[in-house]
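K.L.:
What follows is model27.csv, made up of CSV, C-alpha atoms:
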chain,number,residue,atom,x,y,z
A,156,MET,CA,0.0,0.0,0.0
A,157,ARG,CA,2.8,2.4,1.0
A,158,ARG,CA,4.6,1.6,-2.3
A,159,CYS,CA,1.4,2.5,-4.2
A,160,VAL,CA,1.1,5.8,-2.4
A,161,LEU,CA,4.8,6.6,-3.2
A,162,LEU,CA,4.3,5.7,-6.9
A,163,LEU,CA,1.2,7.9,-7.1
A,164,ALA,CA,3.1,10.8,-5.5
A,165,LEU,CA,5.9,10.4,-8.1
A,166,LEU,CA,3.4,10.3,-11.0
A,167,LEU,CA,1.7,13.4,-9.7
A,168,THR,CA,4.9,15.3,-9.5
A,169,ALA,CA,5.6,14.4,-13.2
A,170,LEU,CA,2.3,15.9,-14.4
A,171,PRO,CA,2.4,19.1,-16.6
A,172,VAL,CA,2.2,22.4,-14.7
A,173,GLN,CA,-1.5,23.2,-14.1
A,174,GLY,CA,-3.0,26.7,-14.7
A,175,ALA,CA,-3.1,27.6,-11.1
A,176,ASP,CA,0.7,27.1,-10.8
A,177,ARG,CA,1.7,29.0,-13.9
A,178,THR,CA,2.9,32.5,-13.9
A,179,LYS,CA,0.3,34.8,-15.3
A,180,ILE,CA,1.4,37.5,-17.7
A,181,THR,CA,-0.5,39.9,-19.9
A,182,VAL,CA,0.5,41.0,-23.5
A,183,VAL,CA,-1.2,44.2,-24.7
A,184,GLN,CA,-1.7,43.9,-28.4
A,185,SER,CA,-2.6,46.7,-30.8
A,186,SER,CA,-5.0,44.6,-32.8
A,187,TYR,CA,-5.7,41.1,-34.1
A,188,SER,CA,-3.9,41.0,-37.4
A,189,PHE,CA,-1.4,39.0,-39.3
A,190,ASN,CA,1.3,41.3,-37.9
A,191,PHE,CA,1.4,39.1,-34.7
A,192,VAL,CA,1.1,35.5,-36.0
A,193,PRO,CA,4.0,34.1,-33.8
A,194,LEU,CA,2.0,35.1,-30.7
A,195,ALA,CA,-1.0,33.2,-31.9
A,196,VAL,CA,1.0,30.2,-32.8
A,197,ALA,CA,2.8,30.1,-29.4
A,198,ARG,CA,-0.6,30.2,-27.6
A,199,THR,CA,-2.3,27.5,-29.6
A,200,GLU,CA,0.7,25.2,-29.7
A,201,GLY,CA,1.2,25.5,-25.9
A,202,TYR,CA,4.7,26.9,-26.1
A,203,PHE,CA,3.9,29.4,-23.3
A,204,THR,CA,2.4,26.7,-21.2
A,205,ASP,CA,5.6,24.7,-21.7
A,206,GLU,CA,7.5,27.6,-20.1
A,207,GLY,CA,5.1,27.7,-17.1
A,208,LEU,CA,3.3,30.8,-18.4
A,209,ASP,CA,-0.4,31.6,-18.5
A,210,VAL,CA,-0.6,34.3,-21.1
A,211,ASP,CA,-3.6,36.7,-21.5
A,212,VAL,CA,-3.8,39.0,-24.5
A,213,VAL,CA,-5.8,42.2,-24.4
A,214,LEU,CA,-6.4,44.5,-27.3
A,215,ALA,CA,-5.5,48.2,-27.1
A,216,GLY,CA,-6.8,49.5,-30.4
A,217,GLY,CA,-3.6,51.0,-31.8
A,218,GLY,CA,0.1,51.0,-31.5
A,219,PRO,CA,0.6,54.2,-29.4
A,220,LYS,CA,-2.1,52.9,-27.0
A,221,THR,CA,-0.1,49.7,-26.4
A,222,MET,CA,2.9,51.7,-25.3
A,223,THR,CA,0.7,53.7,-22.9
A,224,ALA,CA,-0.7,50.4,-21.5
A,225,LEU,CA,2.8,48.8,-21.2
A,226,LEU,CA,4.3,51.8,-19.4
A,227,GLY,CA,1.2,52.2,-17.2
A,228,GLY,CA,1.4,48.6,-15.9
A,229,GLY,CA,-1.4,47.2,-18.1
A,230,GLY,CA,0.8,44.3,-19.1
A,231,GLN,CA,4.3,42.9,-18.8
A,232,PHE,CA,4.7,42.8,-22.6
A,233,SER,CA,3.1,44.5,-25.6
A,234,ALA,CA,2.9,43.8,-29.4
A,235,SER,CA,2.7,46.6,-31.9
A,236,VAL,CA,5.2,47.8,-34.5
A,237,LEU,CA,8.8,48.9,-34.4
A,238,LEU,CA,7.9,52.6,-34.8
A,239,ASP,CA,6.0,52.6,-31.5
A,240,GLY,CA,9.0,51.8,-29.3
A,241,ILE,CA,11.2,54.4,-31.1
A,242,MET,CA,8.6,57.1,-30.6
A,243,ALA,CA,8.4,56.2,-26.9
A,244,HIS,CA,12.1,56.8,-26.6
A,245,ARG,CA,11.7,60.2,-28.2
A,246,LYS,CA,9.3,61.0,-25.4
A,247,ALA,CA,11.9,60.0,-22.9
A,248,LEU,CA,10.1,56.8,-22.1
A,249,ASP,CA,13.4,55.0,-22.3
A,250,ASP,CA,12.5,51.9,-20.3
A,251,VAL,CA,10.9,50.4,-23.4
A,252,ARG,CA,12.8,47.6,-25.2
A,253,ALA,CA,12.0,45.8,-28.5
A,254,ILE,CA,12.5,42.1,-27.8
A,255,ALA,CA,11.5,40.2,-31.0
A,256,THR,CA,10.3,40.5,-34.6
A,257,LEU,CA,6.8,39.2,-35.1
A,258,SER,CA,6.3,40.2,-38.7
A,259,LEU,CA,8.0,41.9,-41.6
A,260,ALA,CA,6.7,45.1,-43.2
A,261,TYR,CA,3.8,44.6,-45.6
A,262,ASN,CA,1.4,47.5,-45.6
A,263,PRO,CA,-1.7,47.3,-47.9
A,264,VAL,CA,-3.0,50.6,-49.0
A,265,LEU,CA,-6.4,50.3,-50.7
A,266,ILE,CA,-9.0,52.4,-52.5
A,267,ARG,CA,-12.6,51.6,-53.0
A,268,VAL,CA,-13.3,50.4,-56.5
A,269,ASP,CA,-16.1,52.9,-57.1
A,270,VAL,CA,-13.9,55.7,-55.9
A,271,ALA,CA,-11.0,54.5,-58.1
A,272,LYS,CA,-13.3,54.6,-61.2
A,273,GLN,CA,-14.7,58.0,-60.3
A,274,HIS,CA,-11.2,59.5,-60.0
A,275,GLY,CA,-9.6,57.5,-62.8
A,276,ILE,CA,-7.2,55.7,-60.5
A,277,SER,CA,-5.4,52.6,-61.9
A,278,LEU,CA,-2.3,50.6,-60.9
A,279,GLU,CA,-1.1,51.1,-64.4
A,280,GLN,CA,-0.5,54.8,-63.7
A,281,PRO,CA,2.7,56.1,-62.2
A,282,LEU,CA,2.6,56.2,-58.4
A,283,GLN,CA,2.7,60.0,-58.2
A,284,GLN,CA,-0.3,60.3,-60.5
A,285,ARG,CA,-2.3,57.8,-58.3
A,286,ILE,CA,-1.4,59.7,-55.1
A,287,ALA,CA,-2.3,63.0,-56.7
A,288,ALA,CA,-5.7,61.6,-57.6
A,289,ILE,CA,-6.6,60.8,-53.9
A,290,LYS,CA,-6.3,64.5,-53.0
A,291,GLY,CA,-9.3,65.4,-50.8
A,292,LEU,CA,-10.3,61.8,-50.1
A,293,ARG,CA,-10.9,60.1,-46.8
A,294,ILE,CA,-8.2,57.6,-45.9
A,295,ALA,CA,-8.6,55.3,-42.9
A,296,ILE,CA,-5.8,54.5,-40.5
A,297,THR,CA,-5.8,52.7,-37.1
A,298,THR,CA,-5.0,55.6,-34.8
A,299,PRO,CA,-3.1,58.9,-35.0
A,300,GLY,CA,0.6,58.4,-34.8
A,301,ALA,CA,0.4,54.8,-35.6
A,302,SER,CA,2.4,53.2,-38.5
A,303,SER,CA,-0.7,53.3,-40.8
A,304,ASP,CA,-0.8,57.1,-40.2
A,305,MET,CA,2.9,57.4,-41.0
A,306,ILE,CA,2.5,55.4,-44.2
A,307,VAL,CA,-0.3,57.7,-45.5
A,308,ARG,CA,1.9,60.7,-44.6
A,309,TYR,CA,5.0,59.1,-46.3
A,310,LEU,CA,3.1,58.5,-49.5
A,311,ALA,CA,1.7,62.0,-49.5
A,312,LEU,CA,5.0,63.8,-48.7
A,313,THR,CA,7.0,61.8,-51.3
A,314,ASN,CA,4.5,62.4,-54.0
A,315,GLY,CA,3.7,66.1,-53.8
A,316,LEU,CA,0.8,66.3,-51.3
A,317,SER,CA,0.5,67.7,-47.8
A,318,PRO,CA,-1.1,65.0,-45.7
A,319,ASP,CA,-2.8,67.4,-43.3
A,320,ARG,CA,-4.0,69.9,-46.0
A,321,ASP,CA,-4.7,67.5,-48.9
A,322,LEU,CA,-6.1,64.4,-47.3
A,323,GLN,CA,-8.8,63.5,-44.7
A,324,ILE,CA,-7.1,61.0,-42.4
A,325,VAL,CA,-9.7,59.1,-40.5
A,326,PRO,CA,-8.8,56.9,-37.4
A,327,LEU,CA,-10.9,53.7,-37.5
A,328,GLY,CA,-8.9,51.2,-35.4
A,329,SER,CA,-9.5,47.4,-35.8
A,330,ILE,CA,-10.0,45.1,-38.8
A,331,PRO,CA,-13.9,45.0,-38.3
A,332,ALA,CA,-14.0,48.8,-37.9
A,333,GLN,CA,-11.9,49.4,-41.1
A,334,THR,CA,-13.9,46.9,-43.0
A,335,ALA,CA,-17.2,48.3,-41.9
A,336,GLY,CA,-16.0,51.9,-42.7
A,337,LEU,CA,-15.1,50.9,-46.3
A,338,ARG,CA,-18.4,49.0,-46.7
A,339,ALA,CA,-20.5,51.9,-45.4
A,340,GLY,CA,-18.7,54.5,-47.6
A,341,GLN,CA,-17.5,56.2,-44.4
A,342,VAL,CA,-14.0,56.3,-46.0
A,343,ASP,CA,-12.7,56.1,-49.5
A,344,GLY,CA,-9.6,54.0,-48.8
A,345,CYS,CA,-7.3,52.9,-46.1
A,346,ALA,CA,-3.8,52.1,-45.0
A,347,CYS,CA,-5.2,48.8,-43.8
A,348,LEU,CA,-4.5,46.3,-41.2
A,349,PRO,CA,-3.4,43.0,-42.8
A,350,GLY,CA,-6.6,41.1,-43.4
A,351,VAL,CA,-8.8,44.0,-44.4
A,352,ASP,CA,-7.3,43.8,-47.9
A,353,THR,CA,-8.3,40.2,-48.6
A,354,LEU,CA,-11.7,40.6,-47.0
A,355,THR,CA,-12.7,43.7,-49.0
A,356,LYS,CA,-11.0,42.7,-52.3
A,357,GLN,CA,-12.8,39.3,-52.3
A,358,GLU,CA,-16.0,41.3,-52.0
A,359,GLY,CA,-15.0,43.4,-55.0
A,360,LEU,CA,-15.2,46.4,-52.8
A,361,THR,CA,-11.5,47.6,-52.9
A,362,THR,CA,-8.5,47.5,-55.1
A,363,ASP,CA,-4.8,48.2,-54.4
A,364,LEU,CA,-3.7,51.8,-54.5
A,365,ILE,CA,0.0,50.8,-54.4
A,366,ARG,CA,2.1,47.8,-55.0
A,367,PRO,CA,4.2,46.4,-52.1
A,368,SER,CA,7.4,47.2,-54.0
A,369,GLU,CA,6.4,50.9,-54.1
A,370,LEU,CA,6.8,51.3,-50.4
A,371,GLY,CA,10.4,50.2,-50.6
A,372,ALA,CA,11.5,52.2,-47.7
A,373,LEU,CA,10.0,49.6,-45.4
A,374,ASP,CA,10.5,46.5,-47.6
A,375,GLY,CA,11.3,43.4,-45.7
A,376,ILE,CA,12.2,45.0,-42.4
A,377,THR,CA,10.9,44.3,-38.9
A,378,TYR,CA,7.4,45.5,-38.5
A,379,GLY,CA,5.3,43.6,-35.8
A,380,THR,CA,7.4,43.8,-32.7
A,381,LEU,CA,7.2,42.3,-29.2
A,382,TYR,CA,8.1,44.8,-26.5
A,383,GLY,CA,9.0,44.6,-22.8
A,384,LEU,CA,10.5,47.0,-20.3
A,385,ALA,CA,14.2,47.0,-19.4
A,386,SER,CA,13.3,47.2,-15.7
A,387,TYR,CA,11.0,44.2,-15.9
A,388,ASN,CA,13.6,42.2,-18.0
A,389,LYS,CA,16.2,42.8,-15.3
A,390,ALA,CA,13.8,41.9,-12.4
A,391,HIS,CA,12.3,38.8,-14.1
A,392,PRO,CA,14.8,37.3,-16.6
A,393,ASP,CA,13.4,33.8,-16.3
A,394,ILE,CA,10.0,34.9,-17.4
A,395,VAL,CA,11.4,36.9,-20.3
A,396,ARG,CA,13.6,33.9,-21.3
A,397,GLY,CA,10.4,31.8,-21.3
A,398,VAL,CA,8.6,34.2,-23.5
A,399,ALA,CA,11.6,34.4,-25.9
A,400,ARG,CA,11.8,30.6,-26.2
A,401,ALA,CA,8.0,30.4,-26.9
A,402,ILE,CA,8.2,33.1,-29.6
A,403,THR,CA,11.3,31.5,-31.1
A,404,ARG,CA,9.7,28.1,-31.3
A,405,ALA,CA,6.6,29.6,-32.9
A,406,THR,CA,8.8,31.4,-35.5
A,407,MET,CA,10.7,28.2,-36.2
A,408,LEU,CA,7.4,26.3,-36.7
A,409,ILE,CA,6.2,29.0,-39.2
A,410,ALA,CA,9.4,28.6,-41.2
A,411,ASN,CA,9.5,24.8,-41.1
A,412,ASP,CA,5.9,23.7,-41.0
A,413,PRO,CA,3.7,26.5,-42.3
A,414,ASP,CA,0.7,24.3,-42.6
A,415,ARG,CA,0.7,23.5,-38.9
A,416,ALA,CA,1.3,27.1,-38.1
A,417,LYS,CA,-1.6,28.1,-40.3
A,418,ARG,CA,-3.9,25.7,-38.3
A,419,ALA,CA,-2.6,27.2,-35.1
A,420,THR,CA,-3.4,30.7,-36.3
A,421,ARG,CA,-6.9,30.0,-37.6
A,422,PRO,CA,-8.7,30.3,-34.2
A,423,PHE,CA,-7.7,34.0,-33.9
A,424,PHE,CA,-9.4,35.0,-37.2
A,425,LYS,CA,-13.0,33.8,-36.6
A,426,GLN,CA,-14.4,36.8,-38.4
A,427,MET,CA,-12.9,35.5,-41.7
A,428,ASP,CA,-14.5,32.7,-43.7
A,429,GLU,CA,-12.3,29.8,-44.7
A,430,ALA,CA,-11.6,31.1,-48.3
A,431,THR,CA,-10.6,34.5,-47.1
A,432,PHE,CA,-8.4,33.2,-44.4
A,433,ASP,CA,-6.6,30.8,-46.9
A,434,GLU,CA,-6.1,33.7,-49.2
A,435,SER,CA,-4.8,35.9,-46.4
A,436,TRP,CA,-2.4,33.3,-45.2
A,437,LYS,CA,-0.9,32.8,-48.7
A,438,LEU,CA,-0.5,36.5,-49.1
A,439,TYR,CA,1.1,37.2,-45.7
A,440,LEU,CA,3.2,34.0,-45.2
A,441,PRO,CA,6.3,35.6,-47.0
A,442,TYR,CA,6.1,38.5,-44.6
A,443,LEU,CA,6.3,36.3,-41.5
A,444,PRO,CA,9.8,36.2,-40.0
A,445,LYS,CA,12.3,33.4,-40.4
A,446,THR,CA,14.0,34.6,-37.2
A,447,PRO,CA,12.8,36.6,-34.2
A,448,ASP,CA,15.9,38.8,-34.2
A,449,ILE,CA,15.8,42.5,-35.0
A,450,SER,CA,18.8,43.5,-37.0
A,451,LYS,CA,20.5,46.9,-36.8
A,452,ALA,CA,20.1,47.2,-40.6
A,453,ASP,CA,16.3,46.9,-40.3
A,454,TYR,CA,16.3,49.4,-37.4
A,455,ASP,CA,18.3,51.9,-39.5
A,456,LYS,CA,15.8,51.6,-42.4
A,457,GLU,CA,13.0,52.3,-40.0
A,458,LEU,CA,14.8,55.5,-38.8
A,459,ALA,CA,15.3,56.6,-42.4
A,460,PHE,CA,11.6,56.2,-43.1
A,461,GLU,CA,10.6,58.2,-40.0
A,462,LYS,CA,13.0,61.0,-40.9
A,463,VAL,CA,11.0,61.6,-44.1
A,464,VAL,CA,7.6,61.7,-42.3
A,465,LEU,CA,8.3,63.5,-39.0
A,466,PRO,CA,8.8,67.2,-38.7
A,467,PRO,CA,12.5,68.1,-38.0
A,468,ASN,CA,11.7,69.2,-34.5
A,469,ALA,CA,10.1,65.8,-33.7
A,470,TYR,CA,12.8,63.6,-35.3
A,471,THR,CA,15.7,62.4,-33.3
A,472,VAL,CA,18.0,59.5,-33.8
A,473,VAL,CA,17.4,56.8,-31.1
A,474,PRO,CA,20.4,54.5,-30.9
A,475,TYR,CA,19.7,50.8,-31.6
A,476,ASP,CA,21.2,49.6,-28.4
A,477,GLU,CA,19.0,52.0,-26.3
A,478,ALA,CA,15.7,50.8,-27.9
A,479,VAL,CA,16.4,47.1,-28.7
A,480,ASP,CA,17.3,44.1,-26.6
A,481,THR,CA,17.3,40.9,-28.6
A,482,SER,CA,19.6,39.1,-26.2
A,483,PHE,CA,16.8,36.9,-25.0
A,484,VAL,CA,15.7,35.7,-28.4
A,485,ARG,CA,19.3,35.3,-29.6
A,486,ALA,CA,20.0,33.1,-26.6
A,487,ALA,CA,16.8,31.1,-27.4
A,488,MET,CA,17.8,30.7,-31.0
A,489,LYS,CA,21.2,29.3,-30.0
A,490,GLU,CA,19.6,27.0,-27.4
A,491,LEU,CA,16.9,25.6,-29.7
A,492,ALA,CA,19.4,25.1,-32.5
A,493,HIS,CA,20.8,22.2,-30.5
Show me this structure written as C-alpha cells.

P.N.:
Amino acid sequence: MRRCVLLLALLLTALPVQGADRTKITVVQSSYSFNFVPLAVARTEGYFTDEGLDVDVVLAGGGPKTMTALLGGGGQFSASVLLDGIMAHRKALDDVRAIATLSLAYNPVLIRVDVAKQHGISLEQPLQQRIAAIKGLRIAITTPGASSDMIVRYLALTNGLSPDRDLQIVPLGSIPAQTAGLRAGQVDGCACLPGVDTLTKQEGLTTDLIRPSELGALDGITYGTLYGLASYNKAHPDIVRGVARAITRATMLIANDPDRAKRATRPFFKQMDEATFDESWKLYLPYLPKTPDISKADYDKELAFEKVVLPPNAYTVVPYDEAVDTSFVRAAMKELAH
C-alpha cells in the first residue's frame, strides 16, 4: 500500500504544470492581425504553457495605446510595431525595449473600386499620378501616430501632397472597424491592417492603390514587434527567457511547418470565412519572419523612413542599443538550434 502511495506521488509530480501554478502575464496587443502571428501560434501550440506561463492577450486599439498600457502597468509585454517603441524613446520613455520580430513590413493601401473609377485611378498609372488623384479623399488609419498614419503621410509627402491639408485622415482602429467603414462608404480607402485587404478585395469592394514594392523604404524590415521593459527584463529574466523561447519556437514552426502554423493561427481570425483566411495566409506568409531577431540594418531603415515623415523638431535618432534588446531571443535561437 505504501509503495502504491509513493508511486502515485511520483506520478503526480511528473504531471504538466496546471494553470493555477503557472505565472500569469499579460500581453497588450494593438489589434488582431497577421502582424502578430507568432504570438497566436505560441498560444495555440502550448509553447507558453511549456514555459510555465499563463498568457492573457488584451487589445489596445492601436500601437501608441499599447505603449501607454505597457508603461502604465497594463501588461508585462506588448505587441505593436517597431515605430512605436522608437517614438516612446523620443518622449523620454526609455524603459521600453524591442525584444523580438513578429512580422515583416507589408502595408496594404487600398482604395474603394467605385472611388477609383470615379477618380480615374489605376495601378497602371505612375505612383505619383495615383497619389495626386486621392487629394481630398478620406483615408482610414488605425489611430493617429500609428504606423498606418505614418505610411499615409509618407506616400503624400514623397508624391507632392500635404497629408494634413490635402487628405482627410480618419482613425478607425480594428479590422472589423476598417472593413465596416469601407463597406459603409465612411472612408474612400485605407492604410489597412493585414486582413482588411483580402476581406474587401474578395467582395469586389476595394483594389490596391500601391504595389508592395512601391513602399520600398520599409520593404522586408521588422514590423510587428514584441516589447517589454528593461526594468522588468532585469527583475524577471526567467519569465522573459520563457517568452523568448516560446516566440522563437513559434517562429521556427512557421518557417519549417507553415501548414501546422496556419492551423494554429486560424482560431484567432474567426471573423474570416475559410476562403478569405486561406487567401490571407498565402498573401502574408512571405512576410512572417524566419528569425525573431531584430537587425540593426532593419532598425536603421525604419529610422530613415521616419526622418521623411516626422517634422524636423520631432525627429531624433534613437540609438539601436537603447531601444532594442534581442539578447533573450538570440539566446533562445542558440539553445533551440541544439

K.L.:
At most 10 Å from (-2.4, 49.7, -32.8), file frame, all atoms listed in the file: which residues, as a ChimeraX atom specification?

P.N.:
/A:183-188,214-222,234-236,239,296-303,328-329,348

K.L.:
Take atom CA of A:Gly350 and atom CA of A:Gly315 and report the distance between them in Å, one decimal.

P.N.:
29.0 Å

K.L.:
Atom CA of A:Ile276 and atom CA of A:Thr362, how far apart in Å?

P.N.:
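Atom CA of A:Ile276 lies 9.9 Å from atom CA of A:Thr362.
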
K.L.:
Tell me which of A:Asn388, A:Ala346, A:Asp321, A:Lys246 sits closest to A:Phe232, counting all atoms listed in the file.

P.N.:
A:Asn388

K.L.:
Could you check which of A:Leu440, A:Ala492, A:Leu360, A:Val463 is closest to A:Gly344, using only C-alpha atoms?

P.N.:
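Ranking A:Leu440, A:Ala492, A:Leu360, A:Val463 by distance to A:Gly344, first place goes to A:Leu360.
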
K.L.:
For a test of reading the model, state the distance in Å between atom CA of A:Pro331 and atom CA of A:Asp209, rounded to one decimal.

P.N.:
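Atom-to-atom, atom CA of A:Pro331 and atom CA of A:Asp209 are spaced 27.5 Å apart.
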
K.L.:
Please tell me which residues are no farther than 9 Å from (10.7, 34.3, -40.5) in the file, counting all atoms listed in the file, and write them as a list of chain:residue names.

P.N.:
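Protein and nucleic acid residues near the point are A:Thr256, A:Leu257, A:Ser258, A:Leu259, A:Thr406, A:Met407, A:Ile409, A:Ala410, A:Leu440, A:Pro441, A:Tyr442, A:Leu443, A:Pro444, A:Lys445, A:Thr446, A:Pro447.
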
K.L.:
May I have the residues from that selection written out with C-alpha atoms, as a PDB file, in the coordinates of the input?

P.N.:
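Written out: selection05.pdb:
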ATOM      1  CA  THR A 256      10.300  40.500 -34.600  1.00  0.00           C
ATOM      2  CA  LEU A 257       6.800  39.200 -35.100  1.00  0.00           C
ATOM      3  CA  SER A 258       6.300  40.200 -38.700  1.00  0.00           C
ATOM      4  CA  LEU A 259       8.000  41.900 -41.600  1.00  0.00           C
ATOM      5  CA  THR A 406       8.800  31.400 -35.500  1.00  0.00           C
ATOM      6  CA  MET A 407      10.700  28.200 -36.200  1.00  0.00           C
ATOM      7  CA  ILE A 409       6.200  29.000 -39.200  1.00  0.00           C
ATOM      8  CA  ALA A 410       9.400  28.600 -41.200  1.00  0.00           C
ATOM      9  CA  LEU A 440       3.200  34.000 -45.200  1.00  0.00           C
ATOM     10  CA  PRO A 441       6.300  35.600 -47.000  1.00  0.00           C
ATOM     11  CA  TYR A 442       6.100  38.500 -44.600  1.00  0.00           C
ATOM     12  CA  LEU A 443       6.300  36.300 -41.500  1.00  0.00           C
ATOM     13  CA  PRO A 444       9.800  36.200 -40.000  1.00  0.00           C
ATOM     14  CA  LYS A 445      12.300  33.400 -40.400  1.00  0.00           C
ATOM     15  CA  THR A 446      14.000  34.600 -37.200  1.00  0.00           C
ATOM     16  CA  PRO A 447      12.800  36.600 -34.200  1.00  0.00           C
TER      17      PRO A 447
END

K.L.:
Taking only C-alpha atoms into account, name the residue in A:Leu237, A:Val268, A:Ala260, A:Ala452 that is nearest to A:Thr355.

P.N.:
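For A:Thr355, the nearest of the given residues is A:Val268.
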
K.L.:
Skip stretch 471-482 of chain A itself and residues of its chain fewer than 4 positions away, then list as a tab-separated table (two decimals) with C-alpha atoms, in the coordinates of the input all residues within 9 Å of it, counting all atoms listed in the file.

P.N.:
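Now in out_20.tsv:
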chain	number	residue	atom	x	y	z
A	240	GLY	CA	9.00	51.80	-29.30
A	241	ILE	CA	11.20	54.40	-31.10
A	242	MET	CA	8.60	57.10	-30.60
A	244	HIS	CA	12.10	56.80	-26.60
A	245	ARG	CA	11.70	60.20	-28.20
A	249	ASP	CA	13.40	55.00	-22.30
A	250	ASP	CA	12.50	51.90	-20.30
A	251	VAL	CA	10.90	50.40	-23.40
A	252	ARG	CA	12.80	47.60	-25.20
A	253	ALA	CA	12.00	45.80	-28.50
A	254	ILE	CA	12.50	42.10	-27.80
A	255	ALA	CA	11.50	40.20	-31.00
A	382	TYR	CA	8.10	44.80	-26.50
A	385	ALA	CA	14.20	47.00	-19.40
A	447	PRO	CA	12.80	36.60	-34.20
A	448	ASP	CA	15.90	38.80	-34.20
A	449	ILE	CA	15.80	42.50	-35.00
A	450	SER	CA	18.80	43.50	-37.00
A	451	LYS	CA	20.50	46.90	-36.80
A	454	TYR	CA	16.30	49.40	-37.40
A	455	ASP	CA	18.30	51.90	-39.50
A	458	LEU	CA	14.80	55.50	-38.80
A	462	LYS	CA	13.00	61.00	-40.90
A	467	PRO	CA	12.50	68.10	-38.00
A	486	ALA	CA	20.00	33.10	-26.60
A	487	ALA	CA	16.80	31.10	-27.40

K.L.:
Can you pull out every residue within 9 Å of A:Gln323, counting only C-alpha atoms, but drop anything in the same chain fewer than 5 positions away, and send it as a CSV table (one decimal) with C-alpha atoms, in the coordinates of the input?

P.N.:
chain,number,residue,atom,x,y,z
A,290,LYS,CA,-6.3,64.5,-53.0
A,291,GLY,CA,-9.3,65.4,-50.8
A,292,LEU,CA,-10.3,61.8,-50.1
A,293,ARG,CA,-10.9,60.1,-46.8
A,294,ILE,CA,-8.2,57.6,-45.9
A,295,ALA,CA,-8.6,55.3,-42.9
A,318,PRO,CA,-1.1,65.0,-45.7
A,342,VAL,CA,-14.0,56.3,-46.0

K.L.:
Mind checking which residues fall within 8 Å of A:Gln283, counting all atoms listed in the file, ignoring those fewer than 3 positions away in the same chain, and posting them as a list of chain:residue names?

P.N.:
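Near neighbours after the sequence-gap exclusion: A:Ile286, A:Ala287, A:Asn314, A:Gly315.
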
K.L.:
Give me the residues within 12 Å of A:Gln284 as a ChimeraX atom specification, counting all atoms listed in the file and dropping any in the same chain fewer than 6 places off.

P.N.:
/A:274-278,290,310-311,313-316,364-365

K.L.:
Compile the contact shell of stretch 435-438 of chain A as a PDB file with C-alpha atoms, keeping the file's coordinate frame: residues with an atom at most 12 Å away, counting all atoms listed in the file, same-chain residues fewer than 3 positions apart removed.

P.N.:
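See out.pdb below for the written result:
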ATOM      1  CA  SER A 188      -3.900  41.000 -37.400  1.00  0.00           C
ATOM      2  CA  PHE A 189      -1.400  39.000 -39.300  1.00  0.00           C
ATOM      3  CA  ASN A 190       1.300  41.300 -37.900  1.00  0.00           C
ATOM      4  CA  VAL A 192       1.100  35.500 -36.000  1.00  0.00           C
ATOM      5  CA  TYR A 261       3.800  44.600 -45.600  1.00  0.00           C
ATOM      6  CA  ASN A 262       1.400  47.500 -45.600  1.00  0.00           C
ATOM      7  CA  PRO A 263      -1.700  47.300 -47.900  1.00  0.00           C
ATOM      8  CA  LEU A 348      -4.500  46.300 -41.200  1.00  0.00           C
ATOM      9  CA  PRO A 349      -3.400  43.000 -42.800  1.00  0.00           C
ATOM     10  CA  GLY A 350      -6.600  41.100 -43.400  1.00  0.00           C
ATOM     11  CA  VAL A 351      -8.800  44.000 -44.400  1.00  0.00           C
ATOM     12  CA  ASP A 352      -7.300  43.800 -47.900  1.00  0.00           C
ATOM     13  CA  THR A 353      -8.300  40.200 -48.600  1.00  0.00           C
ATOM     14  CA  LEU A 354     -11.700  40.600 -47.000  1.00  0.00           C
ATOM     15  CA  THR A 355     -12.700  43.700 -49.000  1.00  0.00           C
ATOM     16  CA  LYS A 356     -11.000  42.700 -52.300  1.00  0.00           C
ATOM     17  CA  GLN A 357     -12.800  39.300 -52.300  1.00  0.00           C
ATOM     18  CA  PRO A 367       4.200  46.400 -52.100  1.00  0.00           C
ATOM     19  CA  ILE A 409       6.200  29.000 -39.200  1.00  0.00           C
ATOM     20  CA  PRO A 413       3.700  26.500 -42.300  1.00  0.00           C
ATOM     21  CA  ASP A 414       0.700  24.300 -42.600  1.00  0.00           C
ATOM     22  CA  ALA A 416       1.300  27.100 -38.100  1.00  0.00           C
ATOM     23  CA  LYS A 417      -1.600  28.100 -40.300  1.00  0.00           C
ATOM     24  CA  ARG A 418      -3.900  25.700 -38.300  1.00  0.00           C
ATOM     25  CA  ALA A 419      -2.600  27.200 -35.100  1.00  0.00           C
ATOM     26  CA  THR A 420      -3.400  30.700 -36.300  1.00  0.00           C
ATOM     27  CA  ARG A 421      -6.900  30.000 -37.600  1.00  0.00           C
ATOM     28  CA  PHE A 424      -9.400  35.000 -37.200  1.00  0.00           C
ATOM     29  CA  MET A 427     -12.900  35.500 -41.700  1.00  0.00           C
ATOM     30  CA  ASP A 428     -14.500  32.700 -43.700  1.00  0.00           C
ATOM     31  CA  GLU A 429     -12.300  29.800 -44.700  1.00  0.00           C
ATOM     32  CA  ALA A 430     -11.600  31.100 -48.300  1.00  0.00           C
ATOM     33  CA  THR A 431     -10.600  34.500 -47.100  1.00  0.00           C
ATOM     34  CA  PHE A 432      -8.400  33.200 -44.400  1.00  0.00           C
ATOM     35  CA  PRO A 441       6.300  35.600 -47.000  1.00  0.00           C
ATOM     36  CA  TYR A 442       6.100  38.500 -44.600  1.00  0.00           C
ATOM     37  CA  LEU A 443       6.300  36.300 -41.500  1.00  0.00           C
TER      38      LEU A 443
END
